[in-house]
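Report on the following structure.
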Amino acid sequence: MKKKSLIAFGIVLLSAYGLFSQADPKPDSPWELLKELVLIPGVSGHEEKVADFIQARLPLGVQFQRDDMQNLWFTVGTGKPHLVFVAHTDELGYVVEEITREGLLKVSSRGGFLSSMYEGHAVCVHTKNGVIQGIVSPRPGYFQRNLESTSYSTENVEIYLGVSSLGEAEALGVAKGDPVTIKKKIVEFSPDLLATRAVDDRAGCAALLAASYKVDWTKIKGKTVTFAWDVQEETGLFGASELARKLDADYVFPVDTFVSSAGPFDSRRFAYLPLGKGAVLRAIDSSNIAPHAQLKKVIAIADANKIPVQLGNTRGGNDGSVFVPHGAVNIPLSWPGTYSHSFIEKIHRADLDALTDLIAALVRDWK
Amino acid sequence: MDKRIVSVALSLLALFLAAGLDAEESSLSRLAETLFTVPSPTGYEGRMAEIIEGNLPAGYISRQDNMGSLYAGTEKQGSRLAVCTPMDEAGYFVSGINPDGYLRLDKPVSGPDLIDSYHLGHPMMVWTERGPVEGVLALPSLHILSSEMRRELEAGPGLEYAYLDIGASSESEAREKDVSMLDAVTPWRELARLAGGKLAGHSLGLKYCAALVLDMAKNRSPNRNQDLAFVWMAQTRFPLRRSRPRSALGALCASRELAPESIVIVVDIFPCDAEIERKIMIGKGPVLAYSGEKGRRIGEQARILAQKNSLPLQLVPDYGSSVMNPFLPVQEEVIGLLLPVKFSDTPGETIDSRDADILRSLLLALLDEGGQR
């Protein structure tokens, strides 16, 4: 008996050692997280890898949930109000619709973007056998001078894989439904400024994940807080709609891009918020008007915590809008970003840091 | 990191990679991949010439002409047999620095209508005197885009829409990054590897041609007592004004530098899509092109050699190009040995590496015979 007890004690000790010696999943800064997150493919409907990455880095001890859609969330605390912070894991891209007899891939788009951005460029097809590369065929007559004006849309897109038959393409492992992304590149203008694909909304994902480490979750009393990473925002807020039904939110804080008109082409009549000046309260967009009283409350918390925030209106929708019919107040949080829905979405580190701090402060101080 | 250190490191890396090419089988592809990374917009071929010259075996006499074309041979004057290839690529230069820090771009050479539109919304490189600077060509945000501008963007806009963002918010910030007027600008590039040995990238065909000729020069000892010259021509995308037929300035100067009795083999690309009626395809072997009597004898020699060595060859008689044309009225014999490319002048210019390997074998066989009469 004594011997058995000793063995059991030893097992307990070893288990405890195993628990405490687990690698601390505490992630890097939101900036470093962002640089990792943007490189993970996650075309709408194919967000598993992004969710895996985030799940593996959640703070120890939180009880997360993940549904069949690949929405991922954790909830801490009890009672009212229920604050839900949500960022989307999906990105724009294509999905293979057809493989032609000539071995070319026809595609459909996931989300809104200019297909001409892809014209003539290398893309990655994410197959069951791994990533294969292809070239998006340019439009007919692309080599001409004085080309009659033409447009280029998703219907024109054909991906050349280097093969010339359906059989050869299938032998590579390509199948209908495979997602397609551009070959990504992070352009770092300086240590604090970068441009790349999928900053929308991996920056939101990074801010939320980094903020989860700035909160002492044991101190959440008299309210419920949920951090969620949802799917299929770009194709119609589908993941958010599912979460809105599941979570009884009083306040929803979607964390997503503020499309800034700070680019060289843009009219500055609205949406002109420069990069590097702080987080953004996306007061009015195409899907929501945040109540003034609630905006003032956020600004007061930001001020009390010395967090720079900007206030503005822009276009586009947000995940929080589908929570509103369920009774939630929608207060979108953002960073100013230029060149949205392109391969060079631009973001400033100071804005992402401020956004992360703002999320953590709202969790702590919102009553 | 200091940009000068990065620049020196990149150059050393390129030289190191290129210098360490011993395995014959892989030498061409490795050399091509090295040259692929070297910027050489028309009029800015200096770096490319430097890398090529640095890789020539001892014994070659090298020199450059006023265009910047590089000649390597066994004699200072004209050679009996000359292998000529372009070394310039499509590219841009800084034509203005705006007060808000955006760079404006221009190019010395026009091209297909869509050639500039591919780069909007993509990464670019500015090649300053002190090293490369990364940037992006701005693209309007989709959510706040007017329908009129959307139509223009889908139609394929030109350089009027090109605002190069290097992360500067004023002219002085741009200049602090060492950017100056007329600095070369190229697309950021990465080789794409497709199925079946196909490779794709910006100006990849021309880089492969330059690598092929360098590979020949490395393969042929200058001490073989063969009267042979290798020429990497600058400014081949730049035509002599009002020339008919269209003649590339760099090739025109090279034709003047080479002896009239020379046999000239032009190694260049063949744009399959643009010459669709000729039914030339990538993956079916290199192209033997000639124009009239000037190329008949040496062309026939090449064809027989290909047959003898079971090398597939696609034939294009009555062919002229701005690179071949200048040699035709001057040199005794002229042929083109051309690498077929798909999607020419796009960021996804595609070649079949097997075509390049066959072209290499054919060229070697031809040089072994020395273009003998």
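A note on labels: chains of the structure tokens are A, B, ... as shown, every chain counts residues from 1, and ligands are counted from 1 in their shown order.
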Long-range neighbours of A:Lys35 as a PyMOL selection string, 12 Å cut-off, only C-alpha atoms, 5 positions minimum in chain:
chain A and resi 28-30+40+184-188+191-199+202-203+205-207+347+349
Chain B contacts on chain A, only C-alpha atoms, 7 Å, as a PyMOL selection string:
chain A and resi 113+116-117+119-122+133-135+142-147+149-152+161-163+187+189+263+265-266+315-316+338-344
Best match for closeness to A:Ala271 among A:Phe238, A:Trp335, A:Trp366, A:Phe64, counting only C-alpha atoms:
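Selected residue with least distance to A:Ala271: A:Trp335.
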If you count only C-alpha atoms, the residue of A:Ile299, A:Asp201, A:Asp67, A:Val259 closest to A:Ser286 turns out to be A:Val259
When DSSP works through the backbone of this structure, what residues of stretch 226-256 of chain B end up as strand (DSSP E or B), shown as a ChimeraX atom specification?
/B:228-233,239,248
B:Leu70 proximity check over B:Ala184, B:Leu364, B:Ile265, B:Met87, using only C-alpha atoms: winner is B:Met87
DSSP on the backbone: what in stretch 270-331 of chain A comes out alpha helix (DSSP H), as a list in words?
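Residues of stretch 270-331 of chain A classed as alpha helix (DSSP H): His292, Ala293, Gln294, Leu295, Lys296, Lys297, Val298, Ile299, Ala300, Ile301, Ala302, Asp303 and Ala304 of chain A.
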All residues 8 Å or closer to B:Val316, only C-alpha atoms, same chain fewer than 4 positions away omitted, as a PyMOL selection string:
chain B and resi 278+287-290
Selection near A:Lys214, 10 Å with only C-alpha atoms, sequence-local residues under 5 positions removed, as a PyMOL selection string:
chain A and resi 208-209+356-357+359-361+363-364
State, in Å with one decimal place, the distance from atom CA of A:Glu102 to atom CA of B:Ser29.
27.4 Å
Do a neighbour search on B:Ala72 at 6 Å with only C-alpha atoms, toss out local chain neighbours closer than 6 positions, and write the hits as a count of residues only.
5
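Taking atom CA of B:Pro39 and atom CA of B:Ala90 as endpoints, the distance between them is 9.6 Å.
Between atom CA of A:Phe258 and atom CA of A:Val76 the separation is 27.8 Å.
Checking B:Arg80, B:Arg246, B:Arg237, B:Lys284 one by one against B:Ser353, counting only C-alpha atoms, you find the shortest gap at B:Lys284.
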